[in-house]
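Structure file query_7.pdb; described as PDB, C-alpha atoms.
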```pdb
ATOM      1  CA  MET A   1      -0.702 -13.918  28.998
ATOM      2  CA  LYS A   2       2.190 -13.699  26.565
ATOM      3  CA  THR A   3       2.600 -10.701  24.309
ATOM      4  CA  PRO A   4       2.417 -11.751  20.638
ATOM      5  CA  SER A   5       5.739 -11.826  18.848
ATOM      6  CA  SER A   6       6.491  -9.030  16.421
ATOM      7  CA  ALA A   7       5.865 -11.254  13.394
ATOM      8  CA  VAL A   8       2.574 -12.499  14.835
ATOM      9  CA  ARG A   9       1.430  -8.951  15.557
ATOM     10  CA  VAL A  10       2.292  -7.797  12.060
ATOM     11  CA  ASP A  11       0.342 -10.716  10.608
ATOM     12  CA  GLN A  12      -2.637  -9.936  12.845
ATOM     13  CA  VAL A  13      -2.654  -6.301  11.748
ATOM     14  CA  ARG A  14      -2.332  -7.218   8.078
ATOM     15  CA  ARG A  15      -5.324  -9.537   8.294
ATOM     16  CA  ARG A  16      -7.466  -6.614   9.499
ATOM     17  CA  LEU A  17      -6.550  -4.405   6.549
ATOM     18  CA  ASN A  18      -8.599  -4.295   3.362
ATOM     19  CA  ASP A  19      -7.440  -3.495  -0.157
ATOM     20  CA  ARG A  20      -7.940   0.253   0.263
ATOM     21  CA  ASP A  21      -5.996   0.228   3.528
ATOM     22  CA  MET A  22      -3.108  -1.513   1.782
ATOM     23  CA  ALA A  23      -3.354   0.980  -1.079
ATOM     24  CA  VAL A  24      -2.832   3.826   1.426
ATOM     25  CA  LEU A  25       0.290   2.144   2.796
ATOM     26  CA  THR A  26       1.632   1.523  -0.701
ATOM     27  CA  VAL A  27       1.119   5.173  -1.689
ATOM     28  CA  LEU A  28       2.890   6.374   1.460
ATOM     29  CA  HIS A  29       5.755   4.008   0.759
ATOM     30  CA  ARG A  30       6.029   5.539  -2.708
ATOM     31  CA  VAL A  31       5.825   9.238  -1.822
ATOM     32  CA  ARG A  32       6.945   9.237   1.861
ATOM     33  CA  LEU A  33       4.542  12.019   2.952
ATOM     34  CA  ALA A  34       1.064  12.922   1.687
ATOM     35  CA  SER A  35      -1.717  15.203   2.844
ATOM     36  CA  LEU A  36      -5.224  14.031   3.597
ATOM     37  CA  ARG A  37      -6.420  15.800   0.458
ATOM     38  CA  GLN A  38      -3.793  14.113  -1.712
ATOM     39  CA  LEU A  39      -4.669  10.670  -0.383
ATOM     40  CA  GLN A  40      -8.365  11.367  -0.916
ATOM     41  CA  ARG A  41      -7.760  12.362  -4.552
ATOM     42  CA  LEU A  42      -5.825   9.152  -5.147
ATOM     43  CA  LEU A  43      -7.957   6.634  -3.282
ATOM     44  CA  VAL A  44     -11.415   8.010  -2.438
ATOM     45  CA  VAL A  45     -12.833   9.204  -5.744
ATOM     46  CA  ASP A  46     -16.549   8.344  -5.615
ATOM     47  CA  GLY A  47     -19.345  10.502  -4.193
ATOM     48  CA  SER A  48     -19.736  14.203  -3.465
ATOM     49  CA  PRO A  49     -16.693  16.269  -2.418
ATOM     50  CA  ALA A  50     -17.947  16.423   1.173
ATOM     51  CA  ALA A  51     -18.564  12.673   1.258
ATOM     52  CA  ARG A  52     -15.113  11.923  -0.162
ATOM     53  CA  THR A  53     -13.488  14.111   2.474
ATOM     54  CA  ARG A  54     -15.397  12.441   5.322
ATOM     55  CA  ARG A  55     -14.548   8.969   4.051
ATOM     56  CA  ALA A  56     -10.880   9.873   3.695
ATOM     57  CA  GLN A  57     -10.823  11.301   7.226
ATOM     58  CA  LEU A  58     -12.381   8.124   8.623
ATOM     59  CA  LEU A  59      -9.982   5.955   6.637
ATOM     60  CA  LEU A  60      -6.856   7.763   7.830
ATOM     61  CA  THR A  61      -8.112   8.027  11.414
ATOM     62  CA  ARG A  62      -8.663   4.264  11.497
ATOM     63  CA  LEU A  63      -5.226   3.526  10.054
ATOM     64  CA  THR A  64      -3.637   5.939  12.524
ATOM     65  CA  LYS A  65      -5.362   4.187  15.441
ATOM     66  CA  ARG A  66      -4.161   0.838  14.147
ATOM     67  CA  GLY A  67      -0.641   2.215  14.172
ATOM     68  CA  VAL A  68       0.227   1.609  10.524
ATOM     69  CA  VAL A  69       0.459   5.293   9.586
ATOM     70  CA  THR A  70       1.939   8.230  11.459
ATOM     71  CA  ARG A  71       0.070  11.528  11.485
ATOM     72  CA  PHE A  72       1.844  14.873  11.619
ATOM     73  CA  SER A  73       0.402  18.345  11.904
ATOM     74  CA  ARG A  74       1.031  20.530   8.874
ATOM     75  CA  ILE A  75       3.234  23.469   9.843
ATOM     76  CA  ILE A  76       2.615  26.796   8.113
ATOM     77  CA  GLY A  77       4.660  29.845   9.058
ATOM     78  CA  GLY A  78       5.683  28.241  12.332
ATOM     79  CA  LEU A  79       2.064  27.485  13.289
ATOM     80  CA  ARG A  80       0.294  24.156  13.160
ATOM     81  CA  ALA A  81      -2.639  24.094  10.774
ATOM     82  CA  GLY A  82      -4.953  22.020  12.979
ATOM     83  CA  SER A  83      -6.842  18.849  12.132
ATOM     84  CA  SER A  84      -7.486  19.940   8.542
ATOM     85  CA  GLY A  85      -3.756  20.159   7.976
ATOM     86  CA  TYR A  86      -2.699  16.646   8.887
ATOM     87  CA  ILE A  87      -0.152  14.879   6.730
ATOM     88  CA  TYR A  88       0.681  11.200   6.849
ATOM     89  CA  GLY A  89       3.625   8.848   6.525
ATOM     90  CA  LEU A  90       4.257   5.156   7.108
ATOM     91  CA  SER A  91       4.893   4.082  10.689
ATOM     92  CA  ALA A  92       7.397   1.356  11.542
ATOM     93  CA  LEU A  93       4.464  -1.052  11.856
ATOM     94  CA  GLY A  94       3.125   0.042   8.467
ATOM     95  CA  GLN A  95       6.506  -0.640   6.915
ATOM     96  CA  ALA A  96       6.578  -4.067   8.540
ATOM     97  CA  VAL A  97       3.127  -4.839   7.132
ATOM     98  CA  LEU A  98       4.428  -4.050   3.643
ATOM     99  CA  ASP A  99       7.640  -6.015   4.219
ATOM    100  CA  THR A 100       5.903  -9.379   4.171
ATOM    101  CA  GLY A 101       4.295 -10.027   0.836
ATOM    102  CA  GLY A 102       4.610  -6.355  -0.043
ATOM    103  CA  PRO A 103       6.851  -3.999  -2.014
ATOM    104  CA  LEU A 104       9.509  -3.161   0.563
ATOM    105  CA  GLY A 105      11.518  -6.370   0.362
ATOM    106  CA  GLY A 106      12.966  -5.962   3.845
ATOM    107  CA  ARG A 107      14.009  -2.330   3.462
ATOM    108  CA  ARG A 108      13.066   0.026   6.290
ATOM    109  CA  ARG A 109      13.114   3.776   6.660
ATOM    110  CA  ARG A 110      13.404   5.711   9.876
ATOM    111  CA  VAL A 111      10.104   7.377  10.787
ATOM    112  CA  TRP A 112      10.588  11.057  11.476
ATOM    113  CA  GLU A 113       8.650  14.288  11.606
ATOM    114  CA  ALA A 114      10.077  16.508   8.904
ATOM    115  CA  LYS A 115      10.995  20.134   9.356
ATOM    116  CA  PRO A 116       8.673  22.581   7.570
ATOM    117  CA  TYR A 117      10.891  22.916   4.492
ATOM    118  CA  PHE A 118      11.114  19.154   4.031
ATOM    119  CA  GLN A 119       7.373  18.832   4.558
ATOM    120  CA  ASP A 120       6.771  21.414   1.856
ATOM    121  CA  HIS A 121       9.242  19.789  -0.498
ATOM    122  CA  MET A 122       7.954  16.242  -0.086
ATOM    123  CA  LEU A 123       4.341  17.391  -0.391
ATOM    124  CA  ALA A 124       5.221  19.214  -3.630
ATOM    125  CA  VAL A 125       6.744  16.010  -5.024
ATOM    126  CA  SER A 126       3.689  14.063  -3.832
ATOM    127  CA  GLU A 127       1.419  16.583  -5.558
ATOM    128  CA  LEU A 128       3.203  15.913  -8.841
ATOM    129  CA  TYR A 129       2.511  12.199  -8.428
ATOM    130  CA  VAL A 130      -1.174  12.841  -7.649
ATOM    131  CA  ARG A 131      -1.571  15.035 -10.731
ATOM    132  CA  LEU A 132       0.099  12.462 -12.954
ATOM    133  CA  VAL A 133      -2.264   9.766 -11.649
ATOM    134  CA  GLU A 134      -5.261  12.045 -12.225
ATOM    135  CA  GLN A 135      -4.069  12.791 -15.757
ATOM    136  CA  HIS A 136      -3.640   9.058 -16.390
ATOM    137  CA  ARG A 137      -7.227   8.413 -15.235
ATOM    138  CA  LEU A 138      -8.514  11.011 -17.661
ATOM    139  CA  GLY A 139      -6.744   9.265 -20.535
ATOM    140  CA  GLN A 140      -4.369  12.194 -21.031
ATOM    141  CA  GLY A 141      -1.217  10.102 -21.218
ATOM    142  CA  ASP A 142      -0.097   6.881 -19.585
ATOM    143  CA  LEU A 143       1.844   6.911 -16.332
ATOM    144  CA  LEU A 144       4.271   4.062 -17.028
ATOM    145  CA  ASP A 145       6.736   4.549 -14.159
ATOM    146  CA  TYR A 146       7.031   6.779 -11.133
ATOM    147  CA  ASP A 147       9.835   6.386  -8.587
ATOM    148  CA  ALA A 148      10.292   8.873  -5.773
ATOM    149  CA  GLU A 149      13.454   9.016  -3.697
ATOM    150  CA  PRO A 150      15.333   6.906  -2.843
ATOM    151  CA  ALA A 151      14.120   4.522  -5.579
ATOM    152  CA  ALA A 152      14.830   7.231  -8.181
ATOM    153  CA  TRP A 153      18.462   7.662  -7.165
ATOM    154  CA  ARG A 154      21.259   6.561  -9.488
ATOM    155  CA  HIS A 155      24.821   5.447  -8.717
ATOM    156  CA  PHE A 156      27.844   5.573 -10.959
ATOM    157  CA  THR A 157      31.627   5.574 -10.770
ATOM    158  CA  GLY A 158      33.262   8.999 -10.895
ATOM    159  CA  SER A 159      36.378   9.913 -12.851
ATOM    160  CA  GLY A 160      38.541   9.139  -9.826
ATOM    161  CA  GLY A 161      36.939   5.754  -9.212
ATOM    162  CA  GLU A 162      34.701   7.059  -6.425
ATOM    163  CA  LEU A 163      31.033   6.153  -6.020
ATOM    164  CA  VAL A 164      28.804   9.075  -7.051
ATOM    165  CA  VAL A 165      25.090   9.293  -6.287
ATOM    166  CA  VAL A 166      22.604  11.337  -8.326
ATOM    167  CA  LYS A 167      19.555  12.118  -6.196
ATOM    168  CA  PRO A 168      16.551  13.284  -8.245
ATOM    169  CA  ASP A 169      13.316  13.848  -6.360
ATOM    170  CA  ALA A 170      11.574  11.484  -8.771
ATOM    171  CA  TYR A 171      11.931   9.526 -11.984
ATOM    172  CA  VAL A 172       8.900   9.691 -14.289
ATOM    173  CA  ARG A 173       8.134   7.818 -17.501
ATOM    174  CA  LEU A 174       5.027   8.833 -19.434
ATOM    175  CA  GLY A 175       3.526   7.419 -22.600
ATOM    176  CA  ALA A 176       1.699   9.435 -25.237
ATOM    177  CA  GLY A 177       0.660   7.174 -28.091
ATOM    178  CA  ALA A 178       3.794   5.508 -29.419
ATOM    179  CA  ILE A 179       6.086   8.067 -27.734
ATOM    180  CA  GLU A 180       7.580   7.780 -24.266
ATOM    181  CA  HIS A 181       8.921  10.714 -22.247
ATOM    182  CA  SER A 182      11.231  10.008 -19.307
ATOM    183  CA  SER A 183      12.427  12.614 -16.833
ATOM    184  CA  PHE A 184      14.486  13.089 -13.720
ATOM    185  CA  ILE A 185      12.573  15.559 -11.556
ATOM    186  CA  GLU A 186      14.079  18.276  -9.392
ATOM    187  CA  VAL A 187      11.445  20.207  -7.440
ATOM    188  CA  ASP A 188      12.832  23.604  -6.473
ATOM    189  CA  LEU A 189      11.186  25.696  -3.743
ATOM    190  CA  THR A 190      13.788  28.477  -3.943
ATOM    191  CA  THR A 191      15.836  27.117  -1.060
ATOM    192  CA  GLU A 192      18.935  26.086  -3.019
ATOM    193  CA  THR A 193      21.578  28.568  -4.092
ATOM    194  CA  LEU A 194      22.417  28.879  -7.778
ATOM    195  CA  PRO A 195      25.917  27.397  -7.232
ATOM    196  CA  THR A 196      24.205  24.367  -5.684
ATOM    197  CA  ILE A 197      21.938  24.142  -8.743
ATOM    198  CA  GLN A 198      25.033  24.262 -10.952
ATOM    199  CA  ARG A 199      26.748  21.474  -8.996
ATOM    200  CA  LYS A 200      23.651  19.265  -9.149
ATOM    201  CA  SER A 201      23.349  19.872 -12.878
ATOM    202  CA  GLN A 202      26.999  18.985 -13.428
ATOM    203  CA  ARG A 203      26.466  15.717 -11.585
ATOM    204  CA  TYR A 204      23.693  14.834 -14.024
ATOM    205  CA  ILE A 205      26.045  15.638 -16.901
ATOM    206  CA  ASP A 206      28.698  13.368 -15.411
ATOM    207  CA  TYR A 207      26.121  10.600 -15.092
ATOM    208  CA  TRP A 208      25.002  11.137 -18.701
ATOM    209  CA  ARG A 209      28.595  10.895 -19.884
ATOM    210  CA  SER A 210      29.089   7.657 -17.927
ATOM    211  CA  GLY A 211      26.578   5.998 -20.282
ATOM    212  CA  MET A 212      25.123   3.845 -17.505
ATOM    213  CA  GLU A 213      21.541   5.080 -17.785
ATOM    214  CA  GLN A 214      21.567   4.714 -21.561
ATOM    215  CA  GLN A 215      22.882   1.160 -21.250
ATOM    216  CA  TRP A 216      20.155   0.336 -18.726
ATOM    217  CA  ARG A 217      17.182   2.236 -20.160
ATOM    218  CA  GLY A 218      18.238   2.875 -23.735
ATOM    219  CA  VAL A 219      17.807   6.625 -23.306
ATOM    220  CA  PHE A 220      18.885   9.349 -20.911
ATOM    221  CA  PRO A 221      15.917  11.157 -19.302
ATOM    222  CA  LYS A 222      15.439  14.888 -19.433
ATOM    223  CA  VAL A 223      16.445  16.622 -16.220
ATOM    224  CA  VAL A 224      13.457  18.826 -15.406
ATOM    225  CA  TRP A 225      13.681  21.592 -12.833
ATOM    226  CA  LEU A 226      10.178  22.457 -11.604
ATOM    227  CA  VAL A 227       9.836  25.841  -9.943
ATOM    228  CA  GLN A 228       7.154  28.065  -8.433
ATOM    229  CA  ASN A 229       7.437  31.211 -10.551
ATOM    230  CA  GLU A 230       8.884  32.674 -13.742
ATOM    231  CA  GLN A 231      11.597  34.627 -11.930
ATOM    232  CA  ARG A 232      13.056  31.463 -10.441
ATOM    233  CA  ALA A 233      12.718  29.703 -13.788
ATOM    234  CA  GLU A 234      14.764  32.430 -15.438
ATOM    235  CA  ARG A 235      17.494  32.144 -12.791
ATOM    236  CA  ILE A 236      17.831  28.371 -13.133
ATOM    237  CA  THR A 237      17.707  28.631 -16.929
ATOM    238  CA  SER A 238      20.612  31.078 -16.724
ATOM    239  CA  VAL A 239      22.568  28.391 -14.862
ATOM    240  CA  THR A 240      21.829  25.642 -17.399
ATOM    241  CA  ARG A 241      22.843  27.932 -20.266
ATOM    242  CA  LYS A 242      26.338  28.194 -18.759
ATOM    243  CA  LEU A 243      26.849  24.433 -18.778
ATOM    244  CA  ALA A 244      28.795  22.598 -21.484
ATOM    245  CA  SER A 245      27.128  23.300 -24.822
ATOM    246  CA  ASP A 246      26.725  19.621 -25.694
ATOM    247  CA  ALA A 247      24.862  19.011 -22.421
ATOM    248  CA  GLN A 248      22.452  21.940 -22.283
ATOM    249  CA  ALA A 249      19.747  20.010 -24.130
ATOM    250  CA  LEU A 250      19.571  17.594 -21.183
ATOM    251  CA  PHE A 251      17.774  20.223 -19.102
ATOM    252  CA  ASP A 252      14.307  21.738 -19.051
ATOM    253  CA  VAL A 253      12.914  24.307 -16.637
ATOM    254  CA  GLY A 254       9.197  24.763 -16.090
ATOM    255  CA  LEU A 255       6.536  25.769 -13.605
ATOM    256  CA  LEU A 256       5.172  23.312 -11.058
ATOM    257  CA  ASP A 257       1.632  24.268 -12.045
ATOM    258  CA  ALA A 258       2.297  23.175 -15.645
ATOM    259  CA  ALA A 259       4.404  20.130 -14.786
ATOM    260  CA  THR A 260       2.165  17.404 -16.198
ATOM    261  CA  GLN A 261       2.005  19.118 -19.588
ATOM    262  CA  LEU A 262       5.755  19.687 -19.669
ATOM    263  CA  LEU A 263       6.623  16.122 -18.696
ATOM    264  CA  GLY A 264       4.268  14.741 -21.309
ATOM    265  CA  GLY A 265       5.955  16.656 -24.101
ATOM    266  CA  GLY A 266       3.541  19.591 -24.170
ATOM    267  CA  VAL A 267       4.302  23.304 -24.288
ATOM    268  CA  GLN A 268       7.080  24.173 -21.892
ATOM    269  CA  GLY A 269       7.177  27.041 -19.460
ATOM    270  CA  ALA A 270       8.103  30.398 -20.940
ATOM    271  CA  ALA A 271      11.576  30.288 -19.457
ATOM    272  CA  ALA A 272      12.359  26.751 -20.568
TER
END
```
Can you turn what I pasted into structure tokens?
Amino acid sequence: MKTPSSAVRVDQVRRRLNDRDMAVLTVLHRVRLASLRQLQRLLVVDGSPAARTRRAQLLLTRLTKRGVVTRFSRIIGGLRAGSSGYIYGLSALGQAVLDTGGPLGGRRRRVWEAKPYFQDHMLAVSELYVRLVEQHRLGQGDLLDYDAEPAAWRHFTGSGGELVVVKPDAYVRLGAGAIEHSSFIEVDLTTETLPTIQRKSQRYIDYWRSGMEQQWRGVFPKVVWLVQNEQRAERITSVTRKLASDAQALFDVGLLDAATQLLGGGVQGAAA
């Protein structure tokens, strides 16, 4: 008996997936990695907390068995967190399912198990997305656009004619009444040195001065550094205050826990 061709297999798998299954794949394409809890908050919102958790576990177990998602163990302090700590990403088959009639348009990513720091970082960016969706559902602002990397990246020509890439963790556009707030997001987990923060900030300034974003979008987004504590906020703020005076207003610094309020134009963190 012949083995089905790759295209036939992908089509067979897609036919077995329902709308919620496809929603899981689309979310994982958007954010790259997400925890079981994050996926439950996005996609399994009816019923008691215990029932939602069970349904999310069954959903992700089924998708894992069908090979469209890859499950990793959450690593905390060098130890694996067990079944409650699973995180998920798209498998190669899951990407192929989205390729045909889906959002990928033929683009593929290599599937890999991230090191602990990258897990933490990507999950922090995913958490921002989840909170923005939850805020949108509550009618506390409209989530108009959200691009994670690499969709959020920008390219421009440097002063020497070289190609320069700006790599924000996310691009966010929120609506509040008649006002829109757009932001480039940099999630900081205290792993970058301050000179690295300065170099990244300067790259944003160079991109701003190129005028490309303004020509495309009509406005240059705020560059928002989101950090875990006030001490780190103060350190990054000290870096932005040493930048060119005409560019300092491009930057905000705030706490991750208050990110949705900051991005929507609310009260900024104390160090901002």
Between A:Val166, A:Ser210, A:Tyr204, A:Arg232, single out the one closest to Gln248 (chain A), counting only C-alpha atoms. A:Tyr204
Write out as a ChimeraX atom specification which residues come within 8 Å of Met122 (chain A) when counting all atoms listed in the file, dropping same-chain ones fewer than 2 positions away. /A:31-34,118-120,124-126
Excluding Asp257 (chain A) and residues on its chain fewer than 4 positions from it, collect all residues at most 9 Å away from it, counting only C-alpha atoms, and give them as a list in words.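 The residues that qualify are Leu226, Val227 and Gln228 of chain A.
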For Val239 (chain A), find every residue with an atom within 8 Å (counting only C-alpha atoms), except residues of its own chain fewer than 6 positions away, and show them as a list in words.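 The filter keeps Leu194, Ile197 and Gln198 of chain A.
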For Leu262 (chain A), which of A:His181, A:Arg15, A:Arg235, A:Arg154 is the closest residue, counting all atoms listed in the file?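 Checking each of A:His181, A:Arg15, A:Arg235, A:Arg154 against Leu262 (chain A), counting all atoms listed in the file, the winner is A:His181.
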Around all the atoms of region 52-61 of chain A listed in the file, draw an axis-aligned box and extend it by 5 Å on each of the six sides; I want its centre and edge lengths in Å to one decimal, as JSON.
```
{"center_x": -11.1, "center_y": 10.0, "center_z": 5.6, "size_x": 18.5, "size_y": 18.2, "size_z": 21.6}
```
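The interatomic distance for the pair CA of Gly94 (chain A) and CA of Pro168 (chain A) works out to 25.2 Å.
Straight-line separation from CA of Ala176 (chain A) to CA of Gly141 (chain A): 5.0 Å.
Nearest to Val8 (chain A) of all the residues A:Leu36, A:Val97, A:Ala50, A:Leu60 is A:Val97, based on only C-alpha atoms.
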